[in-house]
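Pasted below: target_6.csv, CSV, C-alpha atoms and all ligand atoms.
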```csv
chain,number,residue,atom,x,y,z
O,1,MET,CA,-14.1,78.8,-37.8
O,2,MET,CA,-14.0,76.4,-40.7
O,3,ARG,CA,-10.3,76.0,-40.2
O,4,THR,CA,-10.8,75.7,-36.6
O,5,ARG,CA,-13.5,73.3,-37.3
O,6,GLU,CA,-11.4,71.6,-40.0
O,7,GLY,CA,-8.5,71.9,-37.6
O,8,GLN,CA,-10.7,70.4,-35.0
O,9,ILE,CA,-11.9,67.8,-37.4
O,10,GLY,CA,-8.3,67.3,-38.5
O,11,ASN,CA,-7.2,67.0,-34.9
O,12,SER,CA,-9.9,64.6,-34.0
O,13,HIS,CA,-9.0,62.4,-37.0
O,14,SER,CA,-5.4,62.2,-36.0
O,15,HIS,CA,-6.5,61.5,-32.3
O,16,PHE,CA,-8.7,58.8,-33.7
O,17,ARG,CA,-5.8,57.3,-35.7
O,18,GLU,CA,-3.5,57.5,-32.7
O,19,GLY,CA,-6.1,55.9,-30.5
O,20,LYS,CA,-6.6,53.1,-33.1
O,21,MET,CA,-2.8,52.5,-33.1
O,22,ARG,CA,-2.7,52.4,-29.3
O,23,VAL,CA,-5.5,49.9,-29.2
O,24,LYS,CA,-3.7,47.8,-31.8
O,25,GLN,CA,-0.4,48.0,-29.8
O,26,THR,CA,-2.2,47.0,-26.6
O,27,ILE,CA,-3.8,44.1,-28.4
O,28,VAL,CA,-0.5,42.9,-29.8
O,29,ILE,CA,1.2,43.3,-26.4
O,30,SER,CA,-1.7,41.5,-24.6
O,31,ILE,CA,-1.5,38.6,-27.1
O,32,PHE,CA,2.2,38.4,-26.6
O,33,VAL,CA,1.9,38.4,-22.8
O,34,LEU,CA,-0.9,35.9,-23.0
O,35,SER,CA,0.9,33.6,-25.3
O,36,LEU,CA,4.0,33.9,-23.0
O,37,ALA,CA,1.8,32.9,-20.0
O,38,LEU,CA,0.4,30.0,-21.9
O,39,SER,CA,3.7,28.8,-23.1
O,40,ILE,CA,5.0,28.9,-19.5
O,41,LYS,CA,2.0,27.0,-18.4
O,42,VAL,CA,2.5,24.2,-20.9
O,43,ARG,CA,6.2,23.8,-20.3
O,44,PRO,CA,6.7,20.1,-19.7
O,45,GLU,CA,7.8,20.3,-16.1
O,46,GLU,CA,4.7,22.3,-15.2
O,47,THR,CA,2.1,20.0,-16.8
O,48,PRO,CA,0.6,17.8,-14.0
O,49,VAL,CA,2.2,14.4,-13.8
O,50,ARG,CA,-0.4,11.7,-14.5
O,51,ILE,CA,-0.1,8.6,-12.3
O,52,GLY,CA,-1.9,5.3,-12.7
O,53,PHE,CA,-2.4,3.4,-9.5
O,54,LEU,CA,-3.3,-0.3,-10.0
O,55,LEU,CA,-4.4,-2.2,-6.9
O,56,ASP,CA,-4.9,-6.0,-6.5
O,57,THR,CA,-8.0,-5.4,-4.4
O,58,LEU,CA,-9.9,-2.7,-2.5
O,59,LYS,CA,-11.8,-5.2,-0.4
O,60,LEU,CA,-9.3,-5.3,2.5
O,61,GLU,CA,-9.0,-2.5,4.9
O,62,ARG,CA,-5.2,-2.3,4.3
O,63,TRP,CA,-5.6,-1.4,0.6
O,64,GLN,CA,-8.4,1.1,1.1
O,65,ARG,CA,-6.1,3.0,3.3
O,66,ASP,CA,-3.2,2.8,0.8
O,67,SER,CA,-5.6,4.0,-1.9
O,68,LYS,CA,-6.6,7.1,0.1
O,69,LEU,CA,-3.1,7.9,1.2
O,70,VAL,CA,-1.6,7.6,-2.3
O,71,GLN,CA,-4.4,9.8,-3.7
O,72,ALA,CA,-4.0,12.4,-1.0
O,73,ARG,CA,-0.2,12.7,-1.6
O,74,ALA,CA,-0.7,12.9,-5.4
O,75,GLU,CA,-3.2,15.7,-4.9
O,76,GLU,CA,-0.7,17.5,-2.6
O,77,LEU,CA,1.9,17.4,-5.3
O,78,GLY,CA,-0.5,18.5,-8.0
O,79,ALA,CA,-0.4,15.2,-9.8
O,80,LYS,CA,-3.4,13.6,-11.5
O,81,ILE,CA,-4.1,10.1,-10.4
O,82,THR,CA,-6.4,7.3,-11.7
O,83,VAL,CA,-7.0,4.3,-9.4
O,84,LYS,CA,-8.2,0.9,-10.4
O,85,ALA,CA,-8.6,-2.4,-8.5
O,86,ALA,CA,-8.6,-5.8,-10.3
O,87,GLU,CA,-10.1,-7.8,-7.4
O,88,GLY,CA,-7.7,-10.7,-7.9
O,89,ASP,CA,-8.0,-10.9,-11.7
O,90,ASP,CA,-4.7,-10.9,-13.5
O,91,ASP,CA,-6.2,-10.4,-17.0
O,92,LEU,CA,-8.2,-7.5,-15.7
O,93,GLN,CA,-5.2,-5.9,-14.0
O,94,LEU,CA,-3.3,-6.0,-17.4
O,95,GLN,CA,-6.3,-4.6,-19.2
O,96,GLN,CA,-6.6,-1.8,-16.6
O,97,ALA,CA,-2.8,-1.1,-17.1
O,98,ASN,CA,-3.3,-0.9,-20.9
O,99,GLN,CA,-6.2,1.5,-20.5
O,100,MET,CA,-4.2,3.8,-18.3
O,101,LEU,CA,-1.2,3.6,-20.7
O,102,ASP,CA,-3.5,4.4,-23.7
O,103,ALA,CA,-4.9,7.3,-21.7
O,104,GLY,CA,-1.4,8.7,-21.4
O,105,VAL,CA,-0.3,8.1,-17.8
O,106,ASN,CA,3.4,9.1,-17.2
O,107,VAL,CA,4.0,6.5,-14.5
O,108,LEU,CA,2.4,3.4,-13.0
O,109,ILE,CA,2.3,2.4,-9.4
O,110,VAL,CA,1.3,-1.3,-9.2
O,111,VAL,CA,0.2,-3.6,-6.4
O,112,ALA,CA,0.5,-6.9,-8.4
O,113,HIS,CA,-2.0,-9.6,-7.8
O,114,ASP,CA,0.5,-12.2,-9.2
O,115,SER,CA,4.1,-11.3,-8.9
O,116,GLU,CA,5.1,-13.2,-12.0
O,117,LYS,CA,2.2,-12.4,-14.3
O,118,ALA,CA,2.4,-8.7,-13.5
O,119,GLY,CA,5.6,-8.7,-15.6
O,120,ALA,CA,3.2,-8.2,-18.6
O,121,ILE,CA,2.2,-4.9,-17.2
O,122,VAL,CA,5.9,-3.8,-16.9
O,123,GLN,CA,6.4,-4.9,-20.6
O,124,ALA,CA,3.4,-2.9,-21.8
O,125,ALA,CA,4.6,0.2,-19.9
O,126,GLN,CA,8.1,-0.3,-21.2
O,127,ARG,CA,6.9,-0.2,-24.8
O,128,LYS,CA,5.5,3.3,-24.0
O,129,GLY,CA,8.5,4.4,-22.1
O,130,VAL,CA,6.5,4.6,-18.8
O,131,PRO,CA,8.3,3.7,-15.6
O,132,VAL,CA,6.7,1.3,-13.1
O,133,ILE,CA,6.9,1.3,-9.3
O,134,SER,CA,6.3,-2.1,-7.7
O,135,TYR,CA,4.3,-1.1,-4.7
O,136,ASP,CA,4.4,-3.3,-1.5
O,137,ARG,CA,4.7,-6.5,-3.6
O,138,LEU,CA,7.7,-7.3,-5.8
O,139,ILE,CA,7.1,-7.8,-9.5
O,140,LYS,CA,9.4,-10.6,-10.6
O,141,ASN,CA,11.7,-10.9,-13.6
O,142,SER,CA,10.9,-7.4,-14.9
O,143,PRO,CA,12.7,-4.1,-15.1
O,144,VAL,CA,10.7,-2.2,-12.6
O,145,SER,CA,12.1,1.3,-11.8
O,146,LEU,CA,11.6,1.0,-8.1
O,147,TYR,CA,10.4,-1.5,-5.5
O,148,ILE,CA,8.9,0.1,-2.4
O,149,SER,CA,7.7,-2.0,0.5
O,150,PHE,CA,8.4,-3.1,4.1
O,151,ASP,CA,11.1,-5.5,5.1
O,152,ASN,CA,8.8,-8.5,4.6
O,153,LEU,CA,11.3,-11.1,5.9
O,154,GLN,CA,11.3,-9.1,9.1
O,155,VAL,CA,7.5,-9.2,9.2
O,156,GLY,CA,7.7,-13.0,9.4
O,157,ARG,CA,10.5,-12.9,12.0
O,158,LEU,CA,8.4,-10.5,14.2
O,159,GLN,CA,5.4,-12.8,13.9
O,160,ALA,CA,7.5,-15.8,14.9
O,161,SER,CA,9.3,-14.2,17.9
O,162,MET,CA,6.2,-12.6,19.5
O,163,VAL,CA,4.2,-15.8,19.1
O,164,LEU,CA,7.1,-17.9,20.4
O,165,ALA,CA,7.2,-15.6,23.5
O,166,ALA,CA,3.5,-16.4,24.1
O,167,ALA,CA,3.7,-20.1,23.2
O,168,PRO,CA,7.3,-21.3,23.8
O,169,THR,CA,6.5,-25.0,23.3
O,170,GLY,CA,4.1,-27.2,21.4
O,171,ARG,CA,2.6,-27.6,17.9
O,172,PHE,CA,2.7,-24.7,15.5
O,173,PHE,CA,0.4,-24.4,12.5
O,174,LEU,CA,1.6,-22.1,9.7
O,175,LEU,CA,-1.2,-20.4,7.8
O,176,GLU,CA,0.2,-18.6,4.8
O,177,GLY,CA,-1.1,-16.3,2.0
O,178,PRO,CA,-1.2,-17.0,-1.7
O,179,PRO,CA,2.1,-18.1,-3.1
O,180,ALA,CA,1.5,-15.9,-6.2
O,181,ASP,CA,2.1,-12.9,-3.9
O,182,ASN,CA,5.9,-12.7,-3.4
O,183,ASN,CA,5.3,-11.2,0.1
O,184,ALA,CA,3.5,-14.4,1.2
O,185,LEU,CA,6.7,-16.3,0.4
O,186,GLN,CA,8.8,-13.8,2.3
O,187,PHE,CA,6.5,-13.9,5.4
O,188,GLU,CA,6.9,-17.7,5.4
O,189,ARG,CA,10.6,-17.6,5.1
O,190,GLY,CA,10.9,-15.0,7.8
O,191,GLN,CA,8.7,-17.0,10.1
O,192,LYS,CA,10.8,-20.1,9.6
O,193,VAL,CA,14.0,-18.2,10.3
O,194,GLY,CA,12.4,-16.9,13.5
O,195,LEU,CA,11.2,-20.4,14.6
O,196,GLN,CA,14.4,-22.3,13.6
O,197,GLU,CA,16.1,-22.3,17.0
O,198,ALA,CA,13.0,-23.5,18.8
O,199,VAL,CA,12.5,-26.2,16.1
O,200,ASP,CA,16.2,-27.3,16.5
O,201,ALA,CA,15.8,-27.4,20.2
O,202,ALA,CA,12.7,-29.5,19.7
O,203,SER,CA,10.7,-27.2,21.9
O,204,ILE,CA,8.2,-26.7,19.1
O,205,THR,CA,7.2,-28.6,16.0
O,206,ILE,CA,5.7,-27.2,12.8
O,207,PHE,CA,3.0,-29.9,12.5
O,208,ALA,CA,1.2,-28.4,9.4
O,209,GLU,CA,1.5,-25.7,6.9
O,210,GLU,CA,-1.2,-24.4,4.6
O,211,TRP,CA,-1.1,-21.9,1.7
O,212,CYS,CA,-4.4,-20.1,1.3
O,213,HIS,CA,-5.0,-19.3,-2.4
O,214,GLN,CA,-6.5,-16.0,-1.6
O,215,TRP,CA,-5.9,-13.5,1.3
O,216,ASN,CA,-9.3,-14.3,2.6
O,217,HIS,CA,-11.1,-15.2,5.8
O,218,THR,CA,-13.0,-18.3,4.5
O,219,ALA,CA,-9.9,-20.0,3.1
O,220,ALA,CA,-8.1,-19.4,6.5
O,221,TYR,CA,-11.1,-20.7,8.4
O,222,GLU,CA,-11.4,-23.9,6.4
O,223,ALA,CA,-7.6,-24.5,6.6
O,224,THR,CA,-7.7,-24.1,10.4
O,225,VAL,CA,-10.8,-26.4,10.8
O,226,ALA,CA,-8.8,-29.0,8.9
O,227,ALA,CA,-5.6,-28.4,11.1
O,228,LEU,CA,-7.6,-28.6,14.3
O,229,LYS,CA,-9.1,-31.9,13.1
O,230,LYS,CA,-5.7,-33.3,12.2
O,231,SER,CA,-4.2,-32.3,15.6
O,232,ASN,CA,-7.3,-33.2,17.6
O,233,GLY,CA,-7.4,-29.6,18.8
O,234,LYS,CA,-3.9,-29.7,20.1
O,235,ILE,CA,-2.3,-26.6,18.7
O,236,ALA,CA,-0.1,-24.2,20.7
O,237,ALA,CA,0.1,-21.5,18.0
O,238,ILE,CA,-1.0,-20.4,14.6
O,239,LEU,CA,1.3,-18.2,12.5
O,240,ALA,CA,-1.3,-16.5,10.4
O,241,ALA,CA,0.3,-14.3,7.8
O,242,ASN,CA,-2.1,-11.3,8.1
O,243,ASP,CA,-5.1,-10.2,10.1
O,244,GLU,CA,-7.6,-11.4,7.5
O,245,LEU,CA,-6.2,-14.9,7.8
O,246,ALA,CA,-6.0,-14.6,11.6
O,247,GLY,CA,-9.7,-13.7,11.7
O,248,GLY,CA,-10.6,-16.9,9.9
O,249,ALA,CA,-8.3,-19.0,12.1
O,250,ILE,CA,-9.8,-17.4,15.3
O,251,GLN,CA,-13.3,-18.1,14.2
O,252,ALA,CA,-12.4,-21.8,13.8
O,253,LEU,CA,-10.7,-21.7,17.3
O,254,LYS,CA,-13.9,-20.1,18.8
O,255,GLU,CA,-16.0,-22.9,17.5
O,256,ARG,CA,-13.8,-25.3,19.5
O,257,LYS,CA,-13.7,-23.0,22.5
O,258,LEU,CA,-10.0,-22.6,22.0
O,259,ALA,CA,-9.9,-18.8,21.1
O,260,GLY,CA,-7.6,-17.1,23.6
O,261,THR,CA,-5.7,-20.3,24.5
O,262,VAL,CA,-3.8,-20.6,21.2
O,263,ALA,CA,-1.3,-17.9,20.3
O,264,VAL,CA,-2.1,-16.3,16.9
O,265,SER,CA,-0.2,-13.8,14.8
O,266,GLY,CA,-1.5,-11.3,12.2
O,267,GLN,CA,-0.4,-8.4,10.2
O,268,ASP,CA,-1.7,-5.0,9.0
O,269,ALA,CA,-3.2,-3.7,12.3
O,270,ASP,CA,-6.7,-3.9,10.7
O,271,LEU,CA,-9.4,-2.8,13.1
O,272,PRO,CA,-10.9,-6.3,13.6
O,273,GLY,CA,-7.3,-7.5,14.4
O,274,VAL,CA,-6.8,-4.7,16.9
O,275,VAL,CA,-10.1,-5.6,18.5
O,276,ARG,CA,-9.1,-9.2,18.8
O,277,ILE,CA,-5.7,-8.2,20.4
O,278,ILE,CA,-7.6,-6.2,23.0
O,279,ARG,CA,-10.0,-9.1,23.6
O,280,GLY,CA,-7.0,-11.5,23.9
O,281,THR,CA,-7.9,-13.8,21.1
O,282,GLN,CA,-5.1,-12.6,18.8
O,283,THR,CA,-1.6,-12.3,20.3
O,284,MET,CA,-0.1,-9.8,17.9
O,285,THR,CA,-0.2,-8.0,14.6
O,286,VAL,CA,2.5,-6.4,12.5
O,287,TYR,CA,1.9,-2.7,12.1
O,288,LYS,CA,3.1,-1.2,8.9
O,289,PRO,CA,2.8,2.6,8.9
O,290,LEU,CA,1.3,3.1,5.4
O,291,GLY,CA,1.6,6.9,5.3
O,292,PRO,CA,5.4,6.9,4.8
O,293,LEU,CA,5.0,4.1,2.2
O,294,ALA,CA,2.4,6.0,0.2
O,295,LYS,CA,4.3,9.2,0.4
O,296,ARG,CA,7.6,7.8,-0.7
O,297,ALA,CA,5.9,6.0,-3.6
O,298,VAL,CA,4.1,9.0,-4.9
O,299,ASP,CA,7.2,11.3,-4.5
O,300,ALA,CA,9.2,8.7,-6.4
O,301,ALA,CA,6.5,8.4,-9.1
O,302,VAL,CA,6.6,12.2,-9.7
O,303,ALA,CA,10.4,12.1,-9.8
O,304,LEU,CA,10.4,9.3,-12.3
O,305,ALA,CA,7.8,11.0,-14.5
O,306,HIS,CA,10.3,13.9,-14.7
O,307,GLY,CA,13.1,11.6,-15.6
O,308,THR,CA,14.8,11.7,-12.2
O,309,ARG,CA,15.8,8.5,-10.5
O,310,PRO,CA,14.7,8.5,-6.9
O,311,THR,CA,17.5,7.9,-4.4
O,312,THR,CA,17.4,4.5,-2.7
O,313,SER,CA,19.6,2.8,-0.2
O,314,GLU,CA,19.1,-0.8,-1.3
O,315,SER,CA,18.7,-3.0,-4.3
O,316,ILE,CA,16.8,-6.3,-4.5
O,317,PRO,CA,17.1,-9.1,-7.1
O,318,ASN,CA,13.7,-9.8,-8.6
O,319,GLY,CA,14.9,-12.8,-10.7
O,320,ALA,CA,16.2,-11.3,-14.0
O,321,TYR,CA,17.0,-7.8,-12.7
O,322,THR,CA,18.4,-6.0,-9.7
O,323,VAL,CA,15.9,-3.5,-8.7
O,324,PRO,CA,16.4,-0.3,-6.6
O,325,ALA,CA,14.5,-0.7,-3.4
O,326,VAL,CA,13.2,1.2,-0.4
O,327,LEU,CA,12.3,-1.1,2.5
O,328,LEU,CA,10.6,0.4,5.5
O,329,GLN,CA,10.6,-1.2,9.0
O,330,PRO,CA,7.5,-3.1,10.3
O,331,ILE,CA,6.6,-3.0,14.0
O,332,ALA,CA,5.4,-5.9,16.1
O,333,VAL,CA,2.3,-4.9,18.2
O,334,ASP,CA,0.6,-6.6,21.1
O,335,GLN,CA,-1.5,-5.4,24.0
O,336,LYS,CA,1.5,-3.8,25.6
O,337,ASN,CA,2.5,-1.4,22.9
O,338,LEU,CA,-0.8,-0.9,21.0
O,339,GLY,CA,-1.2,2.5,22.7
O,340,ALA,CA,2.3,3.7,21.9
O,341,THR,CA,2.1,2.7,18.2
O,342,VAL,CA,-1.2,2.1,16.3
O,343,ILE,CA,-3.2,4.4,18.6
O,344,SER,CA,-0.8,7.2,19.2
O,345,ASP,CA,0.1,7.4,15.5
O,346,GLY,CA,-3.6,7.9,14.8
O,347,PHE,CA,-3.6,4.8,12.6
O,348,HIS,CA,-6.7,3.8,14.6
O,349,PRO,CA,-7.7,6.6,17.0
O,350,ALA,CA,-8.9,5.4,20.5
O,351,GLU,CA,-12.4,6.6,19.7
O,352,GLU,CA,-12.6,4.4,16.6
O,353,ILE,CA,-11.5,1.3,18.5
O,354,LYS,CA,-13.8,2.1,21.4
O,355,LYS,CA,-16.8,2.2,19.0
O,356,ALA,CA,-15.8,-1.3,17.6
O,357,LEU,CA,-15.9,-2.8,21.1
O,358,ALA,CA,-18.7,-3.8,23.4
O,359,PRO,CA,-19.6,-1.3,26.2
O,360,GLY,CA,-17.0,-1.3,29.0
O,361,GLU,CA,-14.4,-3.4,27.0
O,362,TRP,CA,-12.3,-0.4,26.2
O,363,GLU,CA,-12.3,0.9,29.8
O,364,LYS,CA,-11.3,-2.5,31.1
O,365,PHE,CA,-8.4,-2.7,28.6
O,366,ALA,CA,-7.3,0.9,29.2
O,367,SER,CA,-7.2,0.5,33.0
O,368,ARG,CA,-5.2,-2.8,32.9
O,369,LYS,CA,-1.6,-2.5,34.0
O,370,ARG,CA,0.8,-3.5,31.3
A,401,LIG,C1,0.4,-8.6,1.3
A,401,LIG,C2,0.6,-7.4,2.1
A,401,LIG,C3,0.0,-7.5,3.4
A,401,LIG,C4,-1.4,-8.0,3.3
A,401,LIG,C5,-1.7,-8.9,2.2
A,401,LIG,C6,-3.1,-9.1,1.8
A,401,LIG,O1,1.1,-8.5,0.1
A,401,LIG,O2,2.0,-7.1,2.2
A,401,LIG,O3,0.1,-6.3,4.1
A,401,LIG,O4,-2.3,-6.9,3.2
A,401,LIG,O5,-1.0,-8.7,1.0
A,401,LIG,O6,-3.6,-8.1,1.1
```
How would this structure read if it were set down as structure tokens?
Amino acid sequence: MMRTREGQIGNSHSHFREGKMRVKQTIVISIFVLSLALSIKVRPEETPVRIGFLLDTLKLERWQRDSKLVQARAEELGAKITVKAAEGDDDLQLQQANQMLDAGVNVLIVVAHDSEKAGAIVQAAQRKGVPVISYDRLIKNSPVSLYISFDNLQVGRLQASMVLAAAPTGRFFLLEGPPADNNALQFERGQKVGLQEAVDAASITIFAEEWCHQWNHTAAYEATVAALKKSNGKIAAILAANDELAGGAIQALKERKLAGTVAVSGQDADLPGVVRIIRGTQTMTVYKPLGPLAKRAVDAAVALAHGTRPTTSESIPNGAYTVPAVLLQPIAVDQKNLGATVISDGFHPAEEIKKALAPGEWEKFASRKR
């Protein structure tokens, strides 16, 4: 009995020891598996890429859309993104870049306020080995890793040709954006290329040209008031570089009861621009599908963060460097193809446009034969 007991006791002791060993083994194995899992998780290619997105402004409809699209694509790819807008302040934009770099972003996507001054952002990034994507606007004289935009010369050409078709003769007023934005220079060049033949044939004259120092309505309004005064209201067309400027110009035309009689260009397919096209006070806009732009930029950002160069078909000189570039195609839009472009793409769904119009205006537009 004792033996049995002892035996039992002896047995239970050895069971106890074995049990203890099994627990130990299980713990060791679990720790090993866990650390393996952790080490897999922290392998560099699986840590989320951290993107810093610096915008010039978030005040304009266009950039609000870019901001949303870029963030959505980053989330889709599992990247972390921080977004900051400098509202036209170059020092602030550099400060925001430095904060992002200090916080450890792996790549910067930059919409430069000033194409030259933004070079300081590229230098700061370079010191930390962080690649920079020049988004929509070219950063000059700096080794950016990629420039991704639309064909901005083509934007100007499209504005010129559609406005010329509506106003083949007379006096043209060129209303440009800020020269610190490289795109504004490109739009103007493209417009002039597009107008050249008509100028040479003396069917039109460029009687005035104004550079607004900000992409804003008020600057455009004031410049147009002055141009109308100078020409005594005799203007055939206004080549406004974007919809924001077109809005200011058309307000000045309205005050002289000239809205709808002067051909006006725009760009961005902003909702107010689309409304003016439907009402006939703005001739056209240049629609730039921003979804593909944002997607290509974020995909490239993730690739660059992993040390892979994104494939590009073009390269563009930015002064001191030749930069790999992706240039997407802009689309000229007027009353005729609004439905087949901006609306059918869902850039502005018909319902949204309808809400922005007075009762009956949409029905009238939709029933018109084009
Ligand atoms: C330009 C851009 C245009 C327009 C403008 C004002 O650089 O290409 O689409 O939005 O800035 O923000």
Expressed in Å, the length from atom CA of O:Gly78 to atom CA of O:Arg296 is 15.3 Å
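For ligand LIG 401 (chain A), the set of protein, DNA and RNA residues within 7 Å, based on all atoms listed in the file, reads Leu60, Arg62, Trp63, Asp136, Arg137, Asp181, Asn183, Ala184, Trp215, Asn242, Gln267 and Asp268 of chain O.
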If we count only C-alpha atoms, what is near O:Asp243 at a cut-off of 10 Å, once residues fewer than 3 positions away on the same chain are taken out, given as a ChimeraX atom specification?
/O:60,62,215-217,240,246-249,264-274,276,282,284-286
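For the atom pair formed by atom CA of O:Gly194 and atom CA of O:Val225, the distance is 25.2 Å, given to one decimal.
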What's the separation between atom CA of O:Ala72 and atom CA of O:Ile51, in Å to one decimal place?
12.5 Å
Taking (10.5, 1.3, -2.0) as a centre in this file's frame and 10 Å as the limit, can you find every polymer residue with an atom that close, using all atoms listed in the file, and give them as a ChimeraX atom specification?
/O:133-138,145-151,293-294,296-297,300,310-315,323-328
Using all atoms listed in the file, pick whichever of O:Glu188, O:Asp334, O:Asp102, O:Glu352 has the shortest atom-to-atom distance to O:Asn152.
O:Glu188
Please provide the set of residues having any atom within 8 Å of O:Asn182, restricted to all atoms listed in the file, with same-chain residues fewer than 2 positions apart removed, written as a VMD selection string.
chain O and resid 114 to 115 137 to 139 179 to 180 184 to 186
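For the set O:Arg157, O:Lys364, O:Lys117, O:Ala86, the residue with the smallest atom-to-atom gap to O:Ile331 is O:Arg157, counting only C-alpha atoms.
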Neighbours of O:Ala85 within 7 Å (all atoms listed in the file; same-chain residues fewer than 6 positions away dropped), as an MDAnalysis selection string?
chainID O and resid 54:58
Which polymer residues have any atom within 10 Å of an atom of O:Gly339, counting only C-alpha atoms, with same-chain residues fewer than 6 positions away left out, as a PyMOL selection string?
chain O and resi 333+345-346+348-350+366
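Of the listed residues O:Ser231, O:Ala198, O:Gln159, O:Ala241, the one whose atoms come nearest to O:Pro178 is O:Ala241, with distances taken using all atoms listed in the file.
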Give me, as a VMD selection string, all polymer residues having an atom no more than 10 Å from O:Ala120, counting all atoms listed in the file and skipping those fewer than 5 positions away in the same chain.
chain O and resid 90 to 91 93 to 94 97 125 to 126 139 142
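Proximity ranking of O:Leu245, O:Ala167, O:Val83, O:Leu195 relative to O:His213 places O:Leu245 first, based on all atoms listed in the file.
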Restricting the calculation to only C-alpha atoms, which member of O:Val342, O:Val107, O:Ile278, O:Ala160 is positioned closest to O:Glu363?
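Comparing O:Val342, O:Val107, O:Ile278, O:Ala160 against O:Glu363, the winner is O:Ile278.
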